[in-house]
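Next up, target_12.cif (mmCIF, C-alpha atoms; chains and numbers go by the auth columns):
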```
data_my_file
#
loop_
_atom_site.group_PDB
_atom_site.id
_atom_site.type_symbol
_atom_site.label_atom_id
_atom_site.label_comp_id
_atom_site.label_asym_id
_atom_site.label_seq_id
_atom_site.Cartn_x
_atom_site.Cartn_y
_atom_site.Cartn_z
_atom_site.B_iso_or_equiv
_atom_site.auth_seq_id
_atom_site.auth_asym_id
ATOM 1 C CA MET A 1 -88.442 -7.917 10.021 0.00 1 A
ATOM 2 C CA PRO A 2 -86.168 -6.708 12.797 0.00 2 A
ATOM 3 C CA ILE A 3 -85.075 -8.982 15.614 0.00 3 A
ATOM 4 C CA ARG A 4 -86.439 -7.760 18.946 0.00 4 A
ATOM 5 C CA ILE A 5 -85.287 -9.715 21.966 0.00 5 A
ATOM 6 C CA LEU A 6 -85.926 -9.086 25.635 0.00 6 A
ATOM 7 C CA LEU A 7 -83.279 -10.924 27.625 0.00 7 A
ATOM 8 C CA GLU A 8 -85.106 -11.643 30.871 0.00 8 A
ATOM 9 C CA GLY A 9 -83.486 -12.768 34.086 0.00 9 A
ATOM 10 C CA ARG A 10 -83.551 -12.478 37.821 0.00 10 A
ATOM 11 C CA PRO A 11 -81.183 -10.064 39.588 0.00 11 A
ATOM 12 C CA GLY A 12 -77.682 -11.544 39.563 0.00 12 A
ATOM 13 C CA ALA A 13 -78.438 -13.962 36.697 0.00 13 A
ATOM 14 C CA GLY A 14 -75.770 -12.321 34.520 0.00 14 A
ATOM 15 C CA LYS A 15 -77.817 -10.142 32.151 0.00 15 A
ATOM 16 C CA THR A 16 -75.209 -7.373 31.984 0.00 16 A
ATOM 17 C CA THR A 17 -72.361 -9.849 31.545 0.00 17 A
ATOM 18 C CA ALA A 18 -74.254 -11.634 28.749 0.00 18 A
ATOM 19 C CA LEU A 19 -74.987 -8.353 26.949 0.00 19 A
ATOM 20 C CA ARG A 20 -71.341 -7.237 27.226 0.00 20 A
ATOM 21 C CA ARG A 21 -70.161 -10.595 25.874 0.00 21 A
ATOM 22 C CA LEU A 22 -72.631 -10.276 23.007 0.00 22 A
ATOM 23 C CA ALA A 23 -71.259 -6.807 22.164 0.00 23 A
ATOM 24 C CA ALA A 24 -67.691 -8.154 22.268 0.00 24 A
ATOM 25 C CA LEU A 25 -68.581 -10.951 19.833 0.00 25 A
ATOM 26 C CA LEU A 26 -69.965 -8.544 17.229 0.00 26 A
ATOM 27 C CA PRO A 27 -67.883 -6.642 14.684 0.00 27 A
ATOM 28 C CA THR A 28 -66.597 -3.296 15.952 0.00 28 A
ATOM 29 C CA HIS A 29 -69.215 -0.551 15.636 0.00 29 A
ATOM 30 C CA ALA A 30 -71.917 -3.088 14.708 0.00 30 A
ATOM 31 C CA ALA A 31 -73.988 -2.028 17.705 0.00 31 A
ATOM 32 C CA THR A 32 -74.880 1.055 19.692 0.00 32 A
ATOM 33 C CA GLY A 33 -76.372 1.334 23.156 0.00 33 A
ATOM 34 C CA PHE A 34 -75.281 0.987 26.761 0.00 34 A
ATOM 35 C CA THR A 35 -74.749 -1.281 29.735 0.00 35 A
ATOM 36 C CA THR A 36 -74.997 -0.617 33.460 0.00 36 A
ATOM 37 C CA GLU A 37 -72.588 -1.693 36.140 0.00 37 A
ATOM 38 C CA GLU A 38 -72.749 -1.857 39.900 0.00 38 A
ATOM 39 C CA ILE A 39 -70.582 0.544 41.876 0.00 39 A
ATOM 40 C CA ARG A 40 -69.235 -1.092 45.027 0.00 40 A
ATOM 41 C CA GLN A 41 -67.464 0.306 48.066 0.00 41 A
ATOM 42 C CA SER A 42 -66.059 -2.065 50.703 0.00 42 A
ATOM 43 C CA GLY A 43 -68.053 -4.895 49.116 0.00 43 A
ATOM 44 C CA ALA A 44 -71.402 -3.107 49.348 0.00 44 A
ATOM 45 C CA ARG A 45 -73.355 -1.886 46.328 0.00 45 A
ATOM 46 C CA VAL A 46 -73.678 1.904 46.513 0.00 46 A
ATOM 47 C CA GLY A 47 -74.809 2.750 42.997 0.00 47 A
ATOM 48 C CA PHE A 48 -74.812 2.090 39.286 0.00 48 A
ATOM 49 C CA ALA A 49 -72.804 3.523 36.398 0.00 49 A
ATOM 50 C CA LEU A 50 -74.046 3.721 32.824 0.00 50 A
ATOM 51 C CA GLU A 51 -71.470 2.986 30.123 0.00 51 A
ATOM 52 C CA THR A 52 -72.080 3.438 26.419 0.00 52 A
ATOM 53 C CA LEU A 53 -70.700 0.950 23.918 0.00 53 A
ATOM 54 C CA ALA A 54 -68.651 3.899 22.608 0.00 54 A
ATOM 55 C CA GLY A 55 -66.918 4.225 26.002 0.00 55 A
ATOM 56 C CA GLY A 56 -68.720 7.121 27.736 0.00 56 A
ATOM 57 C CA ARG A 57 -69.341 6.490 31.439 0.00 57 A
ATOM 58 C CA GLU A 58 -71.172 8.342 34.231 0.00 58 A
ATOM 59 C CA VAL A 59 -72.853 7.555 37.557 0.00 59 A
ATOM 60 C CA LEU A 60 -76.553 6.931 36.922 0.00 60 A
ATOM 61 C CA ALA A 61 -77.664 6.202 40.469 0.00 61 A
ATOM 62 C CA HIS A 62 -75.973 6.385 43.854 0.00 62 A
ATOM 63 C CA VAL A 63 -76.859 6.359 47.537 0.00 63 A
ATOM 64 C CA ASP A 64 -75.297 9.840 47.819 0.00 64 A
ATOM 65 C CA LEU A 65 -77.364 11.381 44.987 0.00 65 A
ATOM 66 C CA PRO A 66 -80.357 13.302 46.311 0.00 66 A
ATOM 67 C CA GLY A 67 -82.802 12.595 43.484 0.00 67 A
ATOM 68 C CA PRO A 68 -85.585 12.932 42.613 0.00 68 A
ATOM 69 C CA PRO A 69 -86.271 10.497 41.270 0.00 69 A
ATOM 70 C CA ARG A 70 -85.352 7.900 43.839 0.00 70 A
ATOM 71 C CA VAL A 71 -85.418 4.163 43.278 0.00 71 A
ATOM 72 C CA GLY A 72 -85.078 2.359 46.567 0.00 72 A
ATOM 73 C CA LYS A 73 -82.092 3.803 48.400 0.00 73 A
ATOM 74 C CA TYR A 74 -80.618 5.334 45.222 0.00 74 A
ATOM 75 C CA GLY A 75 -80.987 8.835 43.898 0.00 75 A
ATOM 76 C CA VAL A 76 -81.081 8.755 40.079 0.00 76 A
ATOM 77 C CA ASP A 77 -79.506 11.363 37.793 0.00 77 A
ATOM 78 C CA PRO A 78 -81.797 11.465 34.722 0.00 78 A
ATOM 79 C CA GLY A 79 -79.317 13.808 33.041 0.00 79 A
ATOM 80 C CA VAL A 80 -77.033 10.799 32.522 0.00 80 A
ATOM 81 C CA MET A 81 -79.705 9.231 30.330 0.00 81 A
ATOM 82 C CA ASP A 82 -80.028 12.519 28.398 0.00 82 A
ATOM 83 C CA ARG A 83 -76.264 12.881 27.895 0.00 83 A
ATOM 84 C CA LEU A 84 -75.166 9.282 27.300 0.00 84 A
ATOM 85 C CA ALA A 85 -77.988 6.896 26.443 0.00 85 A
ATOM 86 C CA LEU A 86 -80.491 8.954 24.480 0.00 86 A
ATOM 87 C CA PRO A 87 -78.326 10.341 21.648 0.00 87 A
ATOM 88 C CA SER A 88 -77.427 6.905 20.252 0.00 88 A
ATOM 89 C CA LEU A 89 -80.910 5.476 20.837 0.00 89 A
ATOM 90 C CA ARG A 90 -82.612 8.380 19.093 0.00 90 A
ATOM 91 C CA SER A 91 -80.248 8.321 16.119 0.00 91 A
ATOM 92 C CA ALA A 92 -80.737 4.558 15.706 0.00 92 A
ATOM 93 C CA ALA A 93 -84.520 5.024 15.698 0.00 93 A
ATOM 94 C CA THR A 94 -84.596 7.954 13.272 0.00 94 A
ATOM 95 C CA GLU A 95 -81.784 7.317 10.786 0.00 95 A
ATOM 96 C CA GLU A 96 -81.865 4.805 7.966 0.00 96 A
ATOM 97 C CA ALA A 97 -80.922 2.061 10.369 0.00 97 A
ATOM 98 C CA THR A 98 -81.740 -1.162 8.542 0.00 98 A
ATOM 99 C CA GLY A 99 -79.370 -3.788 9.836 0.00 99 A
ATOM 100 C CA ARG A 100 -78.404 -1.664 12.851 0.00 100 A
ATOM 101 C CA LEU A 101 -78.365 -3.234 16.321 0.00 101 A
ATOM 102 C CA VAL A 102 -79.142 -1.503 19.609 0.00 102 A
ATOM 103 C CA LEU A 103 -78.160 -3.109 22.926 0.00 103 A
ATOM 104 C CA ILE A 104 -79.857 -1.828 26.090 0.00 104 A
ATOM 105 C CA ASP A 105 -78.950 -2.884 29.626 0.00 105 A
ATOM 106 C CA GLU A 106 -81.435 -2.420 31.009 0.00 106 A
ATOM 107 C CA LEU A 107 -85.116 -1.602 30.898 0.00 107 A
ATOM 108 C CA GLY A 108 -85.149 -1.225 34.678 0.00 108 A
ATOM 109 C CA ARG A 109 -86.713 1.111 37.205 0.00 109 A
ATOM 110 C CA MET A 110 -83.769 3.529 37.282 0.00 110 A
ATOM 111 C CA GLU A 111 -83.593 3.890 33.510 0.00 111 A
ATOM 112 C CA LEU A 112 -87.376 3.991 33.089 0.00 112 A
ATOM 113 C CA ALA A 113 -87.578 6.838 35.633 0.00 113 A
ATOM 114 C CA CYS A 114 -86.511 9.003 32.662 0.00 114 A
ATOM 115 C CA THR A 115 -89.606 9.768 30.549 0.00 115 A
ATOM 116 C CA ALA A 116 -87.487 10.647 27.509 0.00 116 A
ATOM 117 C CA PHE A 117 -85.827 7.220 27.753 0.00 117 A
ATOM 118 C CA ARG A 118 -89.206 5.460 27.709 0.00 118 A
ATOM 119 C CA HIS A 119 -90.156 7.460 24.588 0.00 119 A
ATOM 120 C CA ALA A 120 -86.824 6.608 22.912 0.00 120 A
ATOM 121 C CA VAL A 121 -87.352 2.898 23.626 0.00 121 A
ATOM 122 C CA GLU A 122 -90.864 3.054 22.175 0.00 122 A
ATOM 123 C CA ALA A 123 -89.443 4.702 19.039 0.00 123 A
ATOM 124 C CA LEU A 124 -86.766 1.997 18.751 0.00 124 A
ATOM 125 C CA PHE A 125 -89.321 -0.778 18.928 0.00 125 A
ATOM 126 C CA ALA A 126 -91.291 0.962 16.164 0.00 126 A
ATOM 127 C CA ALA A 127 -88.221 1.419 13.918 0.00 127 A
ATOM 128 C CA GLU A 128 -86.605 -1.035 11.503 0.00 128 A
ATOM 129 C CA VAL A 129 -83.733 -1.775 13.867 0.00 129 A
ATOM 130 C CA ASP A 130 -82.670 -4.901 15.763 0.00 130 A
ATOM 131 C CA VAL A 131 -82.905 -4.540 19.547 0.00 131 A
ATOM 132 C CA VAL A 132 -81.627 -6.725 22.369 0.00 132 A
ATOM 133 C CA ALA A 133 -82.567 -5.362 25.783 0.00 133 A
ATOM 134 C CA THR A 134 -82.299 -6.820 29.259 0.00 134 A
ATOM 135 C CA VAL A 135 -85.279 -6.840 31.627 0.00 135 A
ATOM 136 C CA HIS A 136 -86.023 -8.099 35.119 0.00 136 A
ATOM 137 C CA THR A 137 -88.550 -10.839 35.706 0.00 137 A
ATOM 138 C CA GLN A 138 -90.505 -8.550 38.048 0.00 138 A
ATOM 139 C CA ARG A 139 -93.673 -6.866 36.854 0.00 139 A
ATOM 140 C CA ASP A 140 -93.588 -3.326 35.486 0.00 140 A
ATOM 141 C CA PRO A 141 -96.280 -1.674 33.336 0.00 141 A
ATOM 142 C CA PHE A 142 -93.791 -0.522 30.680 0.00 142 A
ATOM 143 C CA THR A 143 -91.874 -3.786 30.299 0.00 143 A
ATOM 144 C CA ASP A 144 -95.030 -5.894 30.681 0.00 144 A
ATOM 145 C CA ALA A 145 -96.495 -4.064 27.670 0.00 145 A
ATOM 146 C CA LEU A 146 -93.331 -4.762 25.657 0.00 146 A
ATOM 147 C CA LYS A 147 -93.395 -8.432 26.664 0.00 147 A
ATOM 148 C CA ARG A 148 -96.958 -8.762 25.299 0.00 148 A
ATOM 149 C CA ARG A 149 -96.043 -7.468 21.837 0.00 149 A
ATOM 150 C CA ALA A 150 -96.275 -10.076 19.078 0.00 150 A
ATOM 151 C CA ASP A 151 -92.937 -8.965 17.557 0.00 151 A
ATOM 152 C CA ILE A 152 -90.980 -9.489 20.787 0.00 152 A
ATOM 153 C CA GLU A 153 -89.091 -12.658 21.613 0.00 153 A
ATOM 154 C CA ILE A 154 -88.450 -13.227 25.314 0.00 154 A
ATOM 155 C CA VAL A 155 -85.270 -15.174 26.014 0.00 155 A
ATOM 156 C CA ARG A 156 -84.830 -16.298 29.603 0.00 156 A
ATOM 157 C CA LEU A 157 -81.293 -15.981 30.937 0.00 157 A
ATOM 158 C CA THR A 158 -80.342 -18.486 33.619 0.00 158 A
ATOM 159 C CA PRO A 159 -77.082 -19.617 35.203 0.00 159 A
ATOM 160 C CA ALA A 160 -77.369 -22.736 32.998 0.00 160 A
ATOM 161 C CA ASN A 161 -77.454 -20.835 29.667 0.00 161 A
ATOM 162 C CA ARG A 162 -75.682 -17.545 30.407 0.00 162 A
ATOM 163 C CA ASP A 163 -72.294 -18.674 29.112 0.00 163 A
ATOM 164 C CA VAL A 164 -73.517 -20.015 25.740 0.00 164 A
ATOM 165 C CA LEU A 165 -76.316 -17.531 25.059 0.00 165 A
ATOM 166 C CA PRO A 166 -74.137 -14.579 23.900 0.00 166 A
ATOM 167 C CA GLY A 167 -72.510 -16.715 21.189 0.00 167 A
ATOM 168 C CA LYS A 168 -75.873 -18.028 19.993 0.00 168 A
ATOM 169 C CA LEU A 169 -77.341 -14.518 19.856 0.00 169 A
ATOM 170 C CA ALA A 170 -74.280 -13.119 18.048 0.00 170 A
ATOM 171 C CA ALA A 171 -74.492 -15.829 15.398 0.00 171 A
ATOM 172 C CA ARG A 172 -78.202 -15.188 14.914 0.00 172 A
ATOM 173 C CA LEU A 173 -77.835 -11.411 14.702 0.00 173 A
ATOM 174 C CA GLN A 174 -75.079 -11.715 12.087 0.00 174 A
ATOM 175 C CA GLN A 175 -77.015 -14.033 9.769 0.00 175 A
ATOM 176 C CA PRO A 176 -77.922 -12.414 6.451 0.00 176 A
ATOM 177 C CA ARG A 177 -81.569 -11.386 6.398 0.00 177 A
ATOM 178 C CA THR A 178 -83.840 -9.667 3.989 0.00 178 A
ATOM 179 C CA HIS A 179 -85.432 -6.544 5.392 0.00 179 A
ATOM 180 C CA GLY A 180 -88.567 -6.489 3.293 0.00 180 A
ATOM 181 C CA GLY A 181 -87.415 -3.771 0.888 0.00 181 A
ATOM 182 C CA PRO A 182 -87.816 -3.914 -2.849 0.00 182 A
ATOM 183 C CA PRO A 183 -85.648 -6.472 -4.617 0.00 183 A
ATOM 184 C CA SER A 184 -82.515 -5.075 -6.168 0.00 184 A
ATOM 185 C CA HIS A 185 -81.978 -5.588 -9.858 0.00 185 A
ATOM 186 C CA GLY A 186 -78.402 -5.567 -10.801 0.00 186 A
#
```
Please express what this file holds, its structure, as structure tokens.
Amino acid sequence: MPIRILLEGRPGAGKTTALRRLAALLPTHAATGFTTEEIRQSGARVGFALETLAGGREVLAHVDLPGPPRVGKYGVDPGVMDRLALPSLRSAATEEATGRLVLIDELGRMELACTAFRHAVEALFAAEVDVVATVHTQRDPFTDALKRRADIEIVRLTPANRDVLPGKLAARLQQPRTHGGPPSHG
């Protein structure tokens, strides 16, 4: 059975940092997915960039983008999700991906503004693939539904555990597991 973890934390708790540390602790090319990063000018947050684990990077949301959609003061460019995030998520959900790991930072309002992204996430959670995704503590119909699933483990990220959690998750994700297939006879 795949591991499906929602890494839940308040804004500023270190969810992105924890997910990046987790990716760095895994063997090269063991995971696919993306992280998001604040864009700051003169100390003020003005937007967010999406960066794939393969190194692609584009501005996802910015105060200067017109939208729609808009999330708070940010205009969101859903094309960034189409170009960067969706290809790896879709391939992980549709290919023979047993043992594959997808990291998603995050299942937030900006990312979920893209309908195709929501569908790709649903497909991932239905596939035989391990998923670790970050989520806010705030309520949202999409993430609330995921949190209620019996196959989801919610791990709360706090300032007290954020430094040790990536190592614990990496060790767990790299443990040998059986994936419920037929036994091999050799």
Selection result of the PyMOL selection byres ((chain A and resi 13) around 12) on this file, as a list in words: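 Taken over the shown coordinates, the PyMOL selection byres ((chain A and resi 13) around 12) returns Leu7, Glu8, Gly9, Arg10, Pro11, Gly12, Gly14, Lys15, Thr16, Thr17, Ala18, Leu19, Thr134, Val135, His136, Thr137, Arg156, Leu157, Thr158, Pro159, Ala160, Asn161, Arg162 and Asp163 of chain A.
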Skip Met110 of chain A itself and residues of its chain fewer than 6 positions away, then list as a ChimeraX atom specification all residues within 9 Å of it, counting all atoms listed in the file. /A:60-61,69-71,74-78
Residues selected by the PyMOL selection byres ((chain A and resi 85) around 9), written as an MDAnalysis selection string: chainID A and resid 33:34 50:52 80:84 86:90 104 117
Select, from A:Ala23, A:Val121, A:Glu106, A:Ile3, the residue with the minimum atom-to-atom distance to Ala133 of chain A, counting all atoms listed in the file. A:Glu106
Apply the PyMOL selection byres ((chain A and resi 152) around 12) to the displayed file and report the matching residues as a PDB file with C-alpha atoms, in the coordinates of the input.
```
ATOM      1  CA  MET A   1     -88.442  -7.917  10.021  1.00  0.00           C
ATOM      2  CA  PRO A   2     -86.168  -6.708  12.797  1.00  0.00           C
ATOM      3  CA  ILE A   3     -85.075  -8.982  15.614  1.00  0.00           C
ATOM      4  CA  ARG A   4     -86.439  -7.760  18.946  1.00  0.00           C
ATOM      5  CA  ILE A   5     -85.287  -9.715  21.966  1.00  0.00           C
ATOM      6  CA  LEU A   6     -85.926  -9.086  25.635  1.00  0.00           C
ATOM      7  CA  LEU A   7     -83.279 -10.924  27.625  1.00  0.00           C
ATOM      8  CA  GLU A   8     -85.106 -11.643  30.871  1.00  0.00           C
ATOM      9  CA  PHE A 125     -89.321  -0.778  18.928  1.00  0.00           C
ATOM     10  CA  ALA A 126     -91.291   0.962  16.164  1.00  0.00           C
ATOM     11  CA  ASP A 130     -82.670  -4.901  15.763  1.00  0.00           C
ATOM     12  CA  VAL A 131     -82.905  -4.540  19.547  1.00  0.00           C
ATOM     13  CA  VAL A 132     -81.627  -6.725  22.369  1.00  0.00           C
ATOM     14  CA  ALA A 133     -82.567  -5.362  25.783  1.00  0.00           C
ATOM     15  CA  THR A 143     -91.874  -3.786  30.299  1.00  0.00           C
ATOM     16  CA  ASP A 144     -95.030  -5.894  30.681  1.00  0.00           C
ATOM     17  CA  ALA A 145     -96.495  -4.064  27.670  1.00  0.00           C
ATOM     18  CA  LEU A 146     -93.331  -4.762  25.657  1.00  0.00           C
ATOM     19  CA  LYS A 147     -93.395  -8.432  26.664  1.00  0.00           C
ATOM     20  CA  ARG A 148     -96.958  -8.762  25.299  1.00  0.00           C
ATOM     21  CA  ARG A 149     -96.043  -7.468  21.837  1.00  0.00           C
ATOM     22  CA  ALA A 150     -96.275 -10.076  19.078  1.00  0.00           C
ATOM     23  CA  ASP A 151     -92.937  -8.965  17.557  1.00  0.00           C
ATOM     24  CA  GLU A 153     -89.091 -12.658  21.613  1.00  0.00           C
ATOM     25  CA  ILE A 154     -88.450 -13.227  25.314  1.00  0.00           C
ATOM     26  CA  VAL A 155     -85.270 -15.174  26.014  1.00  0.00           C
TER      27      VAL A 155
END
```
Go ahead and fit an axis-aligned box to every listed atom of segment 40-49 of chain A plus 5 Å each side, and pass me the centre and edge lengths in Å, one decimal, as lines of an AutoDock Vina configuration file.
```
center_x = -70.4
center_y = -0.7
center_z = 43.6
size_x = 18.8
size_y = 18.4
size_z = 24.3
```
